[in-house]
>>> print(open('final.txt').read())   # compact mmCIF, C-alpha atoms
# COMPACT_ATOMS: atom_id res chain seq x y z
CA MET A 129 -138.03 30.22 66.98
CA ILE A 130 -141.07 28.59 65.35
CA LYS A 131 -140.59 25.21 66.95
CA PHE A 132 -140.26 26.50 70.47
CA PRO A 133 -143.88 27.60 71.11
CA ALA A 134 -145.17 24.36 69.59
CA PHE A 135 -142.92 22.39 71.89
CA LEU A 136 -144.06 24.50 74.79
CA LEU A 137 -147.68 23.92 73.91
CA ALA A 138 -147.15 20.17 73.82
CA LEU A 139 -145.40 20.36 77.16
CA THR A 140 -148.21 22.46 78.55
CA ALA A 141 -150.80 19.99 77.33
CA LEU A 142 -148.88 17.15 78.91
CA ALA A 143 -148.54 19.05 82.12
CA ALA A 144 -152.24 19.83 82.03
CA LEU A 145 -153.07 16.16 81.68
CA ALA A 146 -150.82 15.27 84.57
CA ALA A 147 -152.17 18.12 86.62
CA ASN A 148 -155.78 17.21 86.01
CA SER A 149 -155.26 13.69 87.23
CA ALA A 150 -153.84 15.11 90.44
CA GLY A 151 -156.52 17.80 90.67
CA ALA A 152 -153.85 20.49 90.62
CA GLN A 153 -152.65 23.18 88.26
CA THR A 154 -149.22 23.68 86.85
CA LEU A 155 -147.45 26.97 86.60
CA VAL A 156 -146.11 27.71 83.13
CA PRO A 157 -142.93 29.71 83.77
CA ALA A 158 -142.74 31.14 80.23
CA GLY A 159 -146.01 33.02 80.66
CA SER A 160 -145.55 33.95 84.30
CA GLU A 161 -143.87 36.80 86.08
CA ILE A 162 -143.49 38.19 89.56
CA ALA A 163 -142.35 41.80 89.63
CA PHE A 164 -141.95 44.32 92.42
CA THR A 165 -141.75 48.09 92.36
CA THR A 166 -140.21 50.30 94.98
CA ARG A 167 -139.56 54.04 94.96
CA GLN A 168 -136.25 55.72 95.66
CA MET A 169 -136.72 59.45 96.29
CA GLY A 170 -139.92 59.29 94.27
CA VAL A 171 -138.42 57.35 91.36
CA PRO A 172 -140.08 54.00 90.62
CA VAL A 173 -137.60 51.13 90.39
CA GLU A 174 -138.87 47.79 89.15
CA GLY A 175 -137.34 44.38 89.69
CA ARG A 176 -138.50 40.84 89.03
CA PHE A 177 -137.89 37.31 90.16
CA GLY A 178 -136.76 34.97 87.41
CA THR A 179 -137.18 31.65 89.21
CA PHE A 180 -140.17 30.51 91.20
CA THR A 181 -142.31 27.40 91.53
CA ALA A 182 -145.86 26.92 92.72
CA ARG A 183 -148.20 24.22 93.94
CA ILE A 184 -151.72 25.26 93.10
CA THR A 185 -154.90 23.33 93.62
CA LEU A 186 -157.89 25.38 92.75
CA ASP A 187 -161.34 24.30 91.68
CA PRO A 188 -163.07 27.50 90.50
CA LYS A 189 -166.36 25.92 91.57
CA LYS A 190 -165.08 25.31 95.08
CA PRO A 191 -162.34 27.89 95.65
CA GLU A 192 -162.41 27.70 99.45
CA ALA A 193 -161.10 24.14 99.26
CA GLY A 194 -158.10 25.23 97.20
CA SER A 195 -154.55 25.90 98.15
CA VAL A 196 -151.75 28.05 96.73
CA ALA A 197 -148.11 27.70 97.70
CA PHE A 198 -145.17 29.55 96.19
CA THR A 199 -141.44 29.21 96.47
CA ILE A 200 -139.35 32.03 95.02
CA ASP A 201 -135.58 31.88 94.53
CA THR A 202 -134.43 35.14 96.08
CA ALA A 203 -131.14 34.95 94.15
CA SER A 204 -133.11 35.32 90.91
CA ALA A 205 -134.10 38.93 91.70
CA ARG A 206 -133.06 41.24 88.86
CA PHE A 207 -133.46 44.96 88.15
CA GLY A 208 -131.74 44.94 84.77
CA THR A 209 -128.99 47.22 86.07
CA ALA A 210 -125.70 45.47 86.81
CA GLU A 211 -125.06 47.52 89.92
CA LEU A 212 -128.46 46.88 91.54
CA ASP A 213 -128.41 43.23 90.47
CA GLY A 214 -125.11 42.85 92.30
CA GLU A 215 -126.52 44.59 95.36
CA VAL A 216 -129.95 43.04 95.91
CA GLY A 217 -128.64 39.68 97.19
CA LYS A 218 -126.46 41.20 99.91
CA PRO A 219 -127.27 40.76 103.64
CA THR A 220 -128.68 44.32 103.84
CA TRP A 221 -131.29 43.46 101.23
CA LEU A 222 -132.55 39.93 100.51
CA ALA A 223 -129.64 38.09 102.18
CA VAL A 224 -129.85 35.31 99.61
CA ALA A 225 -127.08 33.23 101.17
CA ARG A 226 -128.99 32.87 104.45
CA PHE A 227 -132.50 33.05 102.99
CA PRO A 228 -132.39 31.53 99.51
CA GLN A 229 -136.16 31.32 99.26
CA ALA A 230 -139.18 33.49 99.82
CA THR A 231 -142.44 31.61 100.36
CA PHE A 232 -146.16 32.06 100.27
CA GLN A 233 -148.67 29.61 101.71
CA SER A 234 -152.37 30.28 101.44
CA ARG A 235 -154.63 29.85 104.45
CA ALA A 236 -157.97 30.77 102.87
CA ILE A 237 -159.31 31.40 99.40
CA LYS A 238 -162.51 33.31 98.95
CA ALA A 239 -164.46 34.07 95.78
CA VAL A 240 -165.32 37.78 95.72
CA GLY A 241 -166.83 38.07 92.25
CA PRO A 242 -166.85 36.46 88.84
CA GLY A 243 -163.27 35.33 88.25
CA ARG A 244 -162.11 37.25 91.29
CA TYR A 245 -160.66 35.78 94.43
CA GLU A 246 -159.05 36.85 97.64
CA VAL A 247 -156.22 34.67 98.76
CA THR A 248 -155.16 35.12 102.37
CA GLY A 249 -151.89 33.58 103.38
CA GLN A 250 -148.49 33.79 105.00
CA LEU A 251 -145.71 35.54 103.13
CA GLY A 252 -142.21 34.68 104.28
CA ILE A 253 -139.25 36.82 103.23
CA LYS A 254 -135.80 36.91 104.86
CA GLY A 255 -136.92 35.04 107.95
CA GLY A 256 -139.91 37.31 108.59
CA THR A 257 -143.51 36.25 108.13
CA ARG A 258 -146.55 38.40 107.54
CA GLU A 259 -150.14 37.64 106.66
CA VAL A 260 -151.15 39.18 103.34
CA VAL A 261 -154.43 39.34 101.47
CA VAL A 262 -153.85 38.95 97.75
CA PRO A 263 -156.57 39.89 95.26
CA VAL A 264 -156.47 37.60 92.25
CA GLN A 265 -158.16 38.05 88.91
CA LEU A 266 -158.52 34.81 86.98
CA ALA A 267 -158.88 34.88 83.22
CA PRO A 268 -159.73 31.38 82.08
CA GLY A 269 -158.34 30.17 78.79
CA GLY A 270 -158.31 26.93 76.82
CA ALA A 271 -154.99 25.33 77.59
CA GLN A 272 -153.87 28.11 79.89
CA SER A 273 -155.55 30.41 82.36
CA VAL A 274 -153.96 33.57 83.63
CA ALA A 275 -154.12 34.65 87.25
CA SER A 276 -152.99 38.20 87.91
CA GLY A 277 -153.07 40.86 90.58
CA SER A 278 -151.02 43.09 92.79
CA PHE A 279 -150.66 43.82 96.46
CA THR A 280 -148.53 46.05 98.62
CA ILE A 281 -146.12 44.95 101.32
CA ARG A 282 -143.84 46.95 103.58
CA ARG A 283 -140.18 46.14 103.05
CA LEU A 284 -139.23 46.95 106.66
CA ASP A 285 -141.64 44.23 107.88
CA PHE A 286 -139.12 41.87 106.32
CA LYS A 287 -135.94 43.84 107.10
CA VAL A 288 -135.27 44.44 103.42
CA GLY A 289 -132.93 47.43 103.39
CA GLU A 290 -131.25 47.55 106.78
CA GLY A 291 -129.15 50.13 108.61
CA GLU A 292 -128.71 53.33 106.61
CA TRP A 293 -131.08 51.96 103.95
CA ALA A 294 -133.97 51.71 106.44
CA ASP A 295 -134.63 55.42 105.81
CA THR A 296 -138.03 55.50 104.10
CA ALA A 297 -137.52 59.08 102.88
CA LEU A 298 -134.77 57.63 100.72
CA LEU A 299 -136.41 54.35 99.83
CA ALA A 300 -140.18 54.01 100.32
CA ASN A 301 -141.42 51.37 102.73
CA ASP A 302 -144.19 50.31 100.37
CA VAL A 303 -143.29 47.76 97.73
CA VAL A 304 -145.92 46.87 95.16
CA VAL A 305 -145.79 43.22 94.14
CA ARG A 306 -147.33 42.48 90.77
CA PHE A 307 -147.85 38.99 89.43
CA LYS A 308 -149.08 37.28 86.30
CA LEU A 309 -149.26 33.52 86.44
CA ALA A 310 -149.97 31.26 83.51
CA LEU A 311 -151.70 28.14 84.79
CA ALA A 312 -152.25 24.93 82.92
CA GLY A 313 -154.87 22.43 83.96
CA LEU A 314 -157.48 24.72 85.38
CA GLY A 315 -160.95 23.34 84.69
CA ALA A 316 -163.50 25.56 82.96
CA PRO A 317 -165.25 27.69 85.56
CA MET B 27 -115.55 105.61 79.28
CA THR B 28 -115.44 105.48 83.06
CA PRO B 29 -116.75 102.40 84.87
CA THR B 30 -119.80 104.25 86.21
CA ASP B 31 -120.99 104.85 82.65
CA VAL B 32 -121.26 101.14 81.90
CA ALA B 33 -124.82 100.12 81.00
CA ARG B 34 -126.05 97.31 83.20
CA TYR B 35 -128.11 94.24 82.40
CA SER B 36 -131.72 94.30 83.60
CA LEU B 37 -132.34 93.03 87.12
CA PRO B 38 -134.02 89.72 86.04
CA ALA B 39 -131.06 89.01 83.74
CA ILE B 40 -128.60 89.68 86.57
CA VAL B 41 -130.50 87.52 89.06
CA LEU B 42 -130.79 84.66 86.55
CA HIS B 43 -127.10 84.95 85.63
CA TRP B 44 -125.85 84.56 89.20
CA LEU B 45 -128.45 81.99 90.22
CA LEU B 46 -127.57 79.86 87.20
CA ALA B 47 -123.85 80.40 87.79
CA LEU B 48 -124.24 78.93 91.28
CA LEU B 49 -126.49 76.09 90.12
CA ILE B 50 -124.25 75.16 87.19
CA LEU B 51 -121.03 75.17 89.22
CA GLY B 52 -122.69 73.19 92.03
CA THR B 53 -124.21 70.66 89.67
CA LEU B 54 -120.91 70.22 87.81
CA GLY B 55 -119.12 69.68 91.12
CA VAL B 56 -121.68 67.17 92.39
CA GLY B 57 -121.58 65.40 89.01
CA LEU B 58 -117.80 65.05 89.17
CA TYR B 59 -117.87 63.79 92.76
CA MET B 60 -120.88 61.43 92.72
CA THR B 61 -119.80 59.16 89.87
CA GLY B 62 -116.88 57.86 91.90
CA LEU B 63 -118.98 56.79 94.88
CA SER B 64 -120.11 53.26 95.68
CA LEU B 65 -123.82 52.53 96.13
CA THR B 66 -124.64 54.36 99.38
CA PRO B 67 -127.55 56.54 100.50
CA THR B 68 -125.26 59.54 100.01
CA ARG B 69 -124.71 58.67 96.37
CA LEU B 70 -128.42 58.07 95.81
CA LYS B 71 -129.18 61.52 97.27
CA LEU B 72 -126.45 63.23 95.24
CA TYR B 73 -127.66 61.63 92.00
CA ASN B 74 -131.20 62.79 92.66
CA TRP B 75 -130.11 66.29 93.67
CA HIS B 76 -127.92 66.45 90.56
CA LYS B 77 -130.92 65.53 88.38
CA TRP B 78 -133.25 67.97 90.14
CA ALA B 79 -130.67 70.75 89.78
CA GLY B 80 -130.14 69.85 86.11
CA MET B 81 -133.85 70.10 85.38
CA THR B 82 -133.95 73.41 87.27
CA ILE B 83 -131.07 74.69 85.13
CA LEU B 84 -132.96 73.62 82.01
CA ALA B 85 -136.15 75.43 83.08
CA LEU B 86 -134.37 78.60 84.26
CA SER B 87 -132.27 78.68 81.07
CA ALA B 88 -135.42 78.61 78.97
CA LEU B 89 -136.76 81.52 81.02
CA ARG B 90 -133.44 83.32 80.73
CA LEU B 91 -133.28 82.87 76.96
CA LEU B 92 -136.82 84.19 76.60
CA TRP B 93 -135.93 87.21 78.74
CA ARG B 94 -132.80 87.81 76.69
CA LEU B 95 -134.91 87.85 73.52
CA VAL B 96 -137.30 90.35 75.10
CA ARG B 97 -134.69 92.56 76.76
CA ARG B 98 -131.51 92.70 74.69
CA PRO B 99 -128.22 92.87 76.61
CA PRO B 100 -126.76 96.36 77.09
CA PRO B 101 -123.90 97.39 74.78
CA ALA B 102 -120.52 96.03 75.82
CA PRO B 103 -117.64 98.37 76.64
CA PRO B 104 -115.43 99.22 73.65
CA MET B 105 -113.12 96.35 72.73
CA PRO B 106 -111.40 94.95 69.62
CA ALA B 107 -113.75 93.31 67.10
CA TRP B 108 -112.22 89.84 67.57
CA GLN B 109 -112.97 90.00 71.28
CA ARG B 110 -116.54 91.02 70.56
CA ARG B 111 -116.90 88.08 68.15
CA ALA B 112 -115.25 85.68 70.62
CA ALA B 113 -117.61 86.85 73.38
CA ALA B 114 -120.66 86.40 71.14
CA ALA B 115 -119.48 82.92 70.09
CA SER B 116 -118.75 81.76 73.64
CA HIS B 117 -122.07 83.14 74.91
CA GLY B 118 -123.90 81.36 72.08
CA LEU B 119 -122.11 78.09 72.82
CA MET B 120 -122.81 78.39 76.53
CA TYR B 121 -126.51 78.93 75.88
CA LEU B 122 -126.50 75.87 73.63
CA LEU B 123 -124.90 73.83 76.40
CA PHE B 124 -127.29 75.18 79.09
CA PHE B 125 -129.85 73.11 77.19
CA ALA B 126 -127.73 70.30 75.74
CA VAL B 127 -126.11 69.19 79.02
CA PRO B 128 -129.35 68.76 81.05
CA LEU B 129 -131.19 67.28 78.06
CA ALA B 130 -128.44 64.67 77.58
CA GLY B 131 -128.51 63.94 81.34
CA TRP B 132 -132.28 63.56 81.29
CA ALA B 133 -132.07 61.22 78.27
CA TYR B 134 -129.36 59.19 80.00
CA SER B 135 -131.45 58.81 83.14
CA SER B 136 -134.49 57.69 81.15
CA ALA B 137 -132.47 55.30 78.99
CA ALA B 138 -130.89 53.82 82.13
CA GLY B 139 -134.41 53.03 83.37
CA PHE B 140 -134.63 55.71 86.05
CA PRO B 141 -137.21 58.33 85.11
CA VAL B 142 -136.51 61.79 86.55
CA VAL B 143 -138.92 62.83 89.30
CA TRP B 144 -138.35 66.55 89.84
CA PHE B 145 -137.77 67.24 93.54
CA GLY B 146 -139.09 63.72 94.20
CA VAL B 147 -142.60 64.95 93.43
CA LEU B 148 -143.12 65.72 89.74
CA PRO B 149 -142.48 62.78 87.39
CA LEU B 150 -141.02 64.10 84.13
CA PRO B 151 -141.85 62.26 80.92
CA ASP B 152 -139.28 59.90 79.42
CA TRP B 153 -138.57 61.18 75.93
CA VAL B 154 -136.15 58.28 75.49
CA SER B 155 -137.28 54.73 76.29
CA PRO B 156 -135.26 52.50 78.61
CA ASP B 157 -132.42 50.96 76.63
CA ARG B 158 -129.10 49.92 78.23
CA ALA B 159 -127.07 50.26 75.05
CA LEU B 160 -128.48 53.71 74.39
CA ALA B 161 -127.78 54.73 77.99
CA GLU B 162 -124.15 53.67 77.64
CA ALA B 163 -123.92 55.73 74.44
CA ILE B 164 -125.46 58.87 75.98
CA LYS B 165 -123.39 58.79 79.18
CA PRO B 166 -120.06 59.88 77.60
CA LEU B 167 -121.95 62.50 75.56
CA HIS B 168 -123.45 64.03 78.72
CA ARG B 169 -120.00 64.05 80.29
CA ALA B 170 -118.26 65.57 77.25
CA LEU B 171 -120.89 68.31 76.94
CA ALA B 172 -120.57 69.06 80.67
CA TYR B 173 -116.77 69.32 80.36
CA ALA B 174 -117.21 71.62 77.37
CA LEU B 175 -119.51 73.83 79.44
CA ALA B 176 -117.00 73.82 82.31
CA GLY B 177 -114.27 74.86 79.88
CA LEU B 178 -116.37 77.70 78.51
CA VAL B 179 -117.21 78.86 82.05
CA VAL B 180 -113.48 79.06 82.83
CA LEU B 181 -112.90 81.04 79.62
CA HIS B 182 -115.90 83.29 80.38
CA VAL B 183 -114.69 84.06 83.92
CA ALA B 184 -111.09 84.62 82.77
CA ALA B 185 -112.21 86.99 80.01
CA ALA B 186 -114.51 88.94 82.35
CA LEU B 187 -111.76 89.31 84.97
CA LYS B 188 -109.25 90.35 82.30
CA HIS B 189 -111.59 93.06 81.01
CA HIS B 190 -112.38 94.32 84.47
CA PHE B 191 -108.98 94.24 86.11
CA VAL B 192 -106.51 94.48 83.20
CA ASP B 193 -108.40 96.60 80.68
CA ARG B 194 -110.22 98.38 83.52
CA ASP B 195 -113.28 98.82 81.31
CA GLY B 196 -115.78 98.22 84.13
CA LEU B 197 -117.21 95.14 82.43
CA LEU B 198 -118.14 93.35 85.68
CA ARG B 199 -120.47 96.20 86.61
CA ARG B 200 -122.78 95.16 83.77
CA MET B 201 -123.61 92.06 85.81
CA GLY B 202 -123.10 93.55 89.25
CA PRO B 203 -125.58 94.63 91.91
CA GLY B 204 -127.08 98.11 91.50
CA ARG B 205 -126.54 100.93 93.89
>>> encode(input="final.txt", output="structure tokens")
Amino acid sequence: MIKFPAFLLALTALAALAANSAGAQTLVPAGSEIAFTTRQMGVPVEGRFGTFTARITLDPKKPEAGSVAFTIDTASARFGTAELDGEVGKPTWLAVARFPQATFQSRAIKAVGPGRYEVTGQLGIKGGTREVVVPVQLAPGGAQSVASGSFTIRRLDFKVGEGEWADTALLANDVVVRFKLALAGLGAP
Amino acid sequence: MTPTDVARYSLPAIVLHWLLALLILGTLGVGLYMTGLSLTPTRLKLYNWHKWAGMTILALSALRLLWRLVRRPPPAPPMPAWQRRAAAASHGLMYLLFFAVPLAGWAYSSAAGFPVVWFGVLPLPDWVSPDRALAEAIKPLHRALAYALAGLVVLHVAAALKHHFVDRDGLLRRMGPGR
């Protein structure tokens, strides 16, 4: 228990060194999360993705030259309830067998305030693609910086919940995606 | 004593009795049926309706108990002392369960990670934090309490019918519509 964070720190430092030489940042999975909240008949239901990777190149001094790309393993979606966990991968929902990954690729990054950015890009889920504008708050740290934010997507844009589950009175169309990303190798702003 | 002499409950008590009788029987029935369903929109609706009805039963029971404290029930028709004691005990137990069953259901829902949103509009506070193990412990308790209530309802109905139709003491008129 005590050794683990130390090991992680060393790993992070190494990753930071490697990242710096490439001018890119590294996502630290242990401090990162991507969660999503939907509402069924008014009741909030939260799930999260356990496995995702990112390629991030961001110079806080020149954000518009940066790029953010995400790959999320759809099969890693979990609600913490056995029944829903067994359901979410089915063809009606995320169809993980046919679409094992959800992706995000930035097209433009704009600074909108101190430590605040707007990342516009293409979100791909279940074969559908939509442009989204993601507000990002960046909290710089020594070894690790934390980028966080949330944005809302419409599940039916991506055919998540088909057939009888397309009823938005039952399951809201809006899904709030919330993220917290620990980044190593981000230069001081 | 002839049936027409039987003192009746007050109108609010009568309305609450029959409204709650319908709600409780309906909610018990839905509860029995829904747990066997696979994950379909129908089941999702039934679960939510069951929770909304349960919270309504809880609220109306609180109102009913308050009313009962303000306006005491009318005297019962003459009957042996043991029957009077049995009636008082079963009424007391039923009142206890009017609260215990919905409260256990509410706690189960919260512990399972699904807060109750009354009629899909009013989010009720979680007085139990999400905890899978706790949820699994509360579930059989909610069920056992509900079965106990169902058993008492059967006893209650059987006793009322026996008094009315066998003893012919006009008991049902206490809870019946006025003329």
>>> residues_around(input="final.txt", residues="region 265-278 of chain A", least_positions_apart="3", cutoff="6 Å", atoms="only C-alpha atoms", output="number ranges by chain")
A: 243-244, 305-312
>>> atom_distance(input="final.txt", atom1="CA of Ser195 (chain A)", atom2="CA of Tyr245 (chain A)")
12.2 Å
>>> interface_residues(input="final.txt", of="chain B", to="chain A", cutoff="7 Å", atoms="all atoms listed in the file", output="NGL selection string")
:B and (67 or 140-143 or 146-147)
>>> atom_distance(input="final.txt", atom1="CA of Arg194 (chain B)", atom2="CA of Leu37 (chain B)")
23.0 Å
>>> residues_near_point(input="final.txt", point="(-127.5, 68.0, 75.5)", cutoff="10 Å", atoms="only C-alpha atoms", output="JSON, numbers by chain")
{"B": [122, 123, 124, 125, 126, 127, 128, 129, 130, 131, 132, 133, 164, 167, 168, 169, 170, 171, 172]}
>>> closest_residue(input="final.txt", among="B:Val96, B:Ile83, B:Ala33, B:Val183", to="Leu54 (chain B)", atoms="only C-alpha atoms")
B:Ile83
>>> atom_distance(input="final.txt", atom1="CA of Ala193 (chain A)", atom2="CA of Pro263 (chain A)")
16.9 Å
>>> residues_around(input="final.txt", residues="Ser234 (chain A)", least_positions_apart="2", cutoff="10 Å", atoms="all atoms listed in the file", output="PyMOL selection string")
chain A and resi 184+194-198+232+236-237+247-251+259-262
